Amino acid sequence: MIERLMLIVRMALRNLRRQLRRSLLTASAMVLGIGLLMFIRALEGGAHLMYVETATRMGTGHIAMEHPDYMGSQDLADRIAAADLERAFRAVEETARPEELLAVFPQVNVGGLAQSASSSIPVRIGGVDPELERDVSFLADRVVEGRYLQPGDRLEGIVGVGVAERLRLELGSRLVLMAAGAGGDLESQLVLVTGIFRTGVPEVDRGVVQLPISTAREWLGLGDDATSMSVILASDDRTGSIADAVRERLRDEGVDADRIAVRPWWEAMPDLHAGLRADAVQTYVMLVILLGIVALAVVNSVLMAVLNRTREFGVMRALGLNRASVGAMVMVEGVILTFASGLLGMLLGLVISMGLFRDGVDISWLFGGDLAFAGAIVDPVITPAVLTVDVVAILSIVMTIGILASLYPAWHATRIEPAEAMKTDA
Amino acid sequence: MKPQGNGSASSPAVETHELWKTFGEGDTAVHAVQNVSVTIGTGEFVALCGPSGSGKTTLVNLIGGLTDPTRGQVRVDGREVGGMSERERAQLRLDRIGFVFQAYNLLPVLTALENAEFPLMLRGVPRDERRAEVSKLFEHIGLGGLEDRRPGALSGGQQQRVAVARAVLGAPALVLADEPTANLDTQASDALLEVMEVLNRERGVTFIFCTHDPRVMRRARRIIRLVDGHVERDAEKESGELPSWVLDPVET
């Protein structure tokens, strides 16, 4: 049995070599197709990682912790108490490994009014910890005038370039922020403009003001409470499991989901998640279509090989080789061709992704300006990221296609009648 | 050593009963084999002769289960071939029958040795055993040293000898040979026929040849002449001389 199998494989290999030109042409089309698909997928994977990175640092963090009702109510009554913040902080530190954890910080986010000598506009006001956020904040890198917040600041604040324009603010200008405090009364706070940032996202540039969290807490009467807590991780790989573990640990300490909702970014930012998924699905659909075309090339190549060897199959059948073995021989031929091409294609994809474009692909020429995704300006240089899941998926699809594409030629070969076949010239 | 297989000792090697094979239908129908009833005993050395198109190859294909009869029965070792499944027929061919086809029909991707040992390998004969058998036979029929050559690198005569070796190795119960000595010179064809005679004499292998070659017919002990698909003459041969009817033109 093993020997028969080995003979089948040996004959399949020799037949592929015998039709070297046809095999090489089919294989090169597949190698090129799979290699480029892999590169496209790696580019997309790299872009997605970047989008997630940008979105998590600008938005909720990889893991967002908030009072479950705050997003809807925007009422400071729905905030996280200082003791729970402390518990959440401990839960994160005890769950994530130190090298995984880049930052954990509380924030105060409220809606309010910003008023200058000339005008007033509605804004989102963020109270942030300059020391904890400086290294990971998205806005810290987007300051175009002045500086980002720093430890020791009290009345200093940064504003979006649109806010500055609308309120006619410059560095050193004063503005007054007004918002409902913890007690329900309207409270105001003086801020000195110390930095102006540009993200490229109109909603952010035209409507965000940040000030030190200590100032915000004092102004709004929050004590050591906060509206949210964000966790920034070094990589997105374990976001889900860390979020689960933190939730578990908080529950053990008696902090249930009705006090703190622990959500990974894809739950906190469902639109972003849906967008990325749709993008990935689109690529996979394209991948399947392209590989379908590749499958036709395999069908064509293997079927031609069968038709050209009708007489040989007839002889083998006449000598006592059963239909199943004849079919297996053809299947093996198709699968070897596809699998070898698949592996070489992957290799080509890796060389293109990790070698030729290791430093990234600059796609700024495509947009002619800033590249925004999900509300954030992102780096136009995309570094390809080859993900294990993609390698496994592409290889699986290629193998499936190899098998499916060989089915018809194999079936055809099993139908060959020995006596008829030996009359043919092929 | 008796030929392998499990056929009944009392059954003839081959038996056909009112056998017909028709190609096409209606006005264009061609009756390649018409009402052929022959019985060939175990250990016979039979030549099928007759002009081209007389139905020799079709009859051999019917006996080997390579094609289905339109009517009638074929029995090999007492087993009805027509009633077998495709798998059983393949197994019968593998276990009991050796074929020599008209046009060598070697597998081009296999070497001479691999071609010759192909049926033995399918039968599961251990590698060392079959290699030893192939080497011995190859030496005997002048193929020694050509084991690793592919068919494309062999002459027509050498390919024919490999094809014959493939059919007779392992001493099947029945060898069906379609023009086995075509393309061979006298010396080579004598060597081959000698091998076949030895197998027939010592191991009781039944041989049925389709042939135009007087050298083959001289060695045969029974000659069946087919004309237009039916048996015109069927006679035992007493001496090495050929009866005159063997080479007679077709009677119309």
# chains A, B, ... in the order shown; residues from 1 in each chain; ligands from 1
$ interface_residues --of "chain B" --to "chain A" --cutoff "10 Å" --atoms "only C-alpha atoms" --output "number ranges by chain"
B: 57-58, 61-62, 64-68, 86-110, 114, 118-119, 121-124, 126-127, 166-167
$ residues_around --residues "region 237-250 of chain A" --least-positions-apart "2" --cutoff "9 Å" --atoms "only C-alpha atoms" --output "PyMOL selection string"
chain A and resi 62-64+84+87-88+91-92+94-96+100+233-235+252-257+260-265
$ residues_around --residues "region 171-181 of chain A" --least-positions-apart "3" --cutoff "10 Å" --atoms "only C-alpha atoms" --output "ChimeraX atom specification"
/A:75-77,110-125,145-147,155-159,164,167-168,184-196,209,216-222
$ select_by_dssp --residues "region 22-222 of chain B" --states "strand (DSSP E or B)" --output "MDAnalysis selection string"
chainID B and resid 22:23 30:36 39:40 45:49 71:76 79:80 97:100 174:178 206:210 222
$ write_last_selection --atoms "C-alpha atoms" --output "short mmCIF file (atom, residue, chain, number, x, y, z; two decimals), in the first residue's frame"
data_model
loop_
_atom_site.label_atom_id
_atom_site.label_comp_id
_atom_site.auth_asym_id
_atom_site.auth_seq_id
_atom_site.Cartn_x
_atom_site.Cartn_y
_atom_site.Cartn_z
CA THR B 22 -20.87 -4.77 -31.88
CA PHE B 23 -19.63 -1.21 -32.32
CA VAL B 30 -19.92 -3.16 -37.02
CA HIS B 31 -19.91 -6.69 -35.61
CA ALA B 32 -16.29 -7.05 -34.55
CA VAL B 33 -16.92 -10.40 -32.86
CA GLN B 34 -19.81 -12.61 -33.95
CA ASN B 35 -21.12 -15.58 -32.07
CA VAL B 36 -17.72 -16.84 -30.91
CA THR B 39 -12.89 -23.14 -24.90
CA ILE B 40 -9.19 -22.83 -24.13
CA PHE B 45 -0.47 -22.24 -26.27
CA VAL B 46 -2.95 -20.77 -28.75
CA ALA B 47 -2.47 -18.48 -31.74
CA LEU B 48 -5.36 -16.36 -32.98
CA CYS B 49 -4.78 -15.53 -36.60
CA ARG B 71 -24.02 -10.39 -25.98
CA GLY B 72 -22.80 -13.74 -24.69
CA GLN B 73 -20.45 -14.74 -21.92
CA VAL B 74 -16.74 -14.81 -21.20
CA ARG B 75 -15.40 -16.97 -18.39
CA VAL B 76 -11.85 -16.84 -17.11
CA ARG B 79 -15.59 -16.94 -13.42
CA GLU B 80 -18.00 -14.92 -15.52
CA ILE B 97 -3.74 -11.99 -16.56
CA GLY B 98 -0.62 -10.65 -18.25
CA PHE B 99 -1.08 -8.37 -21.27
CA VAL B 100 1.18 -7.60 -24.18
CA LEU B 174 -3.10 -16.35 -18.54
CA VAL B 175 -1.09 -14.20 -20.94
CA LEU B 176 -2.93 -12.34 -23.69
CA ALA B 177 -0.44 -11.12 -26.25
CA ASP B 178 -1.37 -8.92 -29.18
CA THR B 206 -1.89 -20.34 -20.73
CA PHE B 207 -0.90 -18.17 -23.73
CA ILE B 208 -3.23 -16.65 -26.29
CA PHE B 209 -1.50 -14.75 -29.09
CA CYS B 210 -3.00 -12.50 -31.74
CA ARG B 222 -3.58 -24.74 -31.51
#
$ atom_distance --atom1 "CA of Gly126 (chain A)" --atom2 "CA of Gly207 (chain A)"
10.8 Å
$ residues_around --residues "Met30 (chain A)" --least-positions-apart "2" --cutoff "9 Å" --atoms "only C-alpha atoms" --output "list in words"
Leu25, Thr26, Ala27, Ser28, Leu32, Gly33, Ile34, Gly35, Leu291, Val294, Ala295, Ala297, Val298, Thr338, Ser341, Gly342, Leu344 and Gly345 of chain A
$ write_last_selection --atoms "C-alpha atoms" --output "PDB file, in the first residue's frame"
ATOM      1  CA  LEU A  25       3.772  28.258 -16.638  1.00  0.00           C
ATOM      2  CA  THR A  26       0.904  27.179 -14.401  1.00  0.00           C
ATOM      3  CA  ALA A  27       3.085  27.289 -11.305  1.00  0.00           C
ATOM      4  CA  SER A  28       4.524  30.722 -12.089  1.00  0.00           C
ATOM      5  CA  LEU A  32       2.908  35.345  -8.723  1.00  0.00           C
ATOM      6  CA  GLY A  33      -0.784  35.481  -7.847  1.00  0.00           C
ATOM      7  CA  ILE A  34      -0.362  34.069  -4.364  1.00  0.00           C
ATOM      8  CA  GLY A  35       2.767  36.162  -3.706  1.00  0.00           C
ATOM      9  CA  LEU A 291      -7.572  32.006  -6.409  1.00  0.00           C
ATOM     10  CA  VAL A 294      -5.883  30.222 -10.341  1.00  0.00           C
ATOM     11  CA  ALA A 295      -8.010  27.113  -9.813  1.00  0.00           C
ATOM     12  CA  ALA A 297      -5.507  27.371 -14.477  1.00  0.00           C
ATOM     13  CA  VAL A 298      -4.910  24.249 -12.397  1.00  0.00           C
ATOM     14  CA  THR A 338      -0.807  23.722  -6.190  1.00  0.00           C
ATOM     15  CA  SER A 341       3.195  26.870  -6.024  1.00  0.00           C
ATOM     16  CA  GLY A 342       1.411  27.909  -2.826  1.00  0.00           C
ATOM     17  CA  LEU A 344       6.692  29.392  -3.338  1.00  0.00           C
ATOM     18  CA  GLY A 345       3.997  32.060  -3.600  1.00  0.00           C
TER      19      GLY A 345
END
$ select_by_dssp --residues "region 138-291 of chain A" --states "helix (DSSP H, G or I)" --output "MDAnalysis selection string"
chainID A and resid 139:142 161:167 202:205 213:220 239:252 265:268 270:291
$ residues_around --residues "Pro51 (chain B)" --least-positions-apart "3" --cutoff "9 Å" --atoms "only C-alpha atoms" --output "number ranges by chain"
B: 54-56, 212, 225-228, 249-250
$ atom_distance --atom1 "CA of Tyr70 (chain A)" --atom2 "CA of Val204 (chain A)"
20.1 Å
$ residues_around --residues "Arg57 (chain A)" --least-positions-apart "2" --cutoff "6 Å" --atoms "only C-alpha atoms" --output "list of chain:residue names"
A:Thr54, A:Ala55, A:Gly59, A:Gly61, A:Ser137, A:Phe138
$ write_last_selection --atoms "N, CA and C atoms" --output "PDB file, in the first residue's frame"
ATOM      1  N   THR A  54      -3.566  53.780  16.134  1.00  0.00           N
ATOM      2  CA  THR A  54      -3.949  55.199  16.144  1.00  0.00           C
ATOM      3  C   THR A  54      -5.252  55.391  16.907  1.00  0.00           C
ATOM      4  N   ALA A  55      -6.228  54.524  16.556  1.00  0.00           N
ATOM      5  CA  ALA A  55      -7.555  54.692  17.146  1.00  0.00           C
ATOM      6  C   ALA A  55      -7.530  54.448  18.649  1.00  0.00           C
ATOM      7  N   GLY A  59      -8.403  57.327  21.019  1.00  0.00           N
ATOM      8  CA  GLY A  59      -9.730  57.133  21.581  1.00  0.00           C
ATOM      9  C   GLY A  59      -9.710  56.473  22.941  1.00  0.00           C
ATOM     10  N   GLY A  61      -8.217  53.647  24.098  1.00  0.00           N
ATOM     11  CA  GLY A  61      -7.206  52.700  24.539  1.00  0.00           C
ATOM     12  C   GLY A  61      -7.571  51.319  24.033  1.00  0.00           C
ATOM     13  N   SER A 137       0.113  59.387  24.130  1.00  0.00           N
ATOM     14  CA  SER A 137      -1.014  60.155  23.585  1.00  0.00           C
ATOM     15  C   SER A 137      -0.833  60.442  22.102  1.00  0.00           C
ATOM     16  N   PHE A 138      -1.938  60.341  21.392  1.00  0.00           N
ATOM     17  CA  PHE A 138      -1.934  60.645  19.970  1.00  0.00           C
ATOM     18  C   PHE A 138      -1.737  62.147  19.759  1.00  0.00           C
TER      19      PHE A 138
END
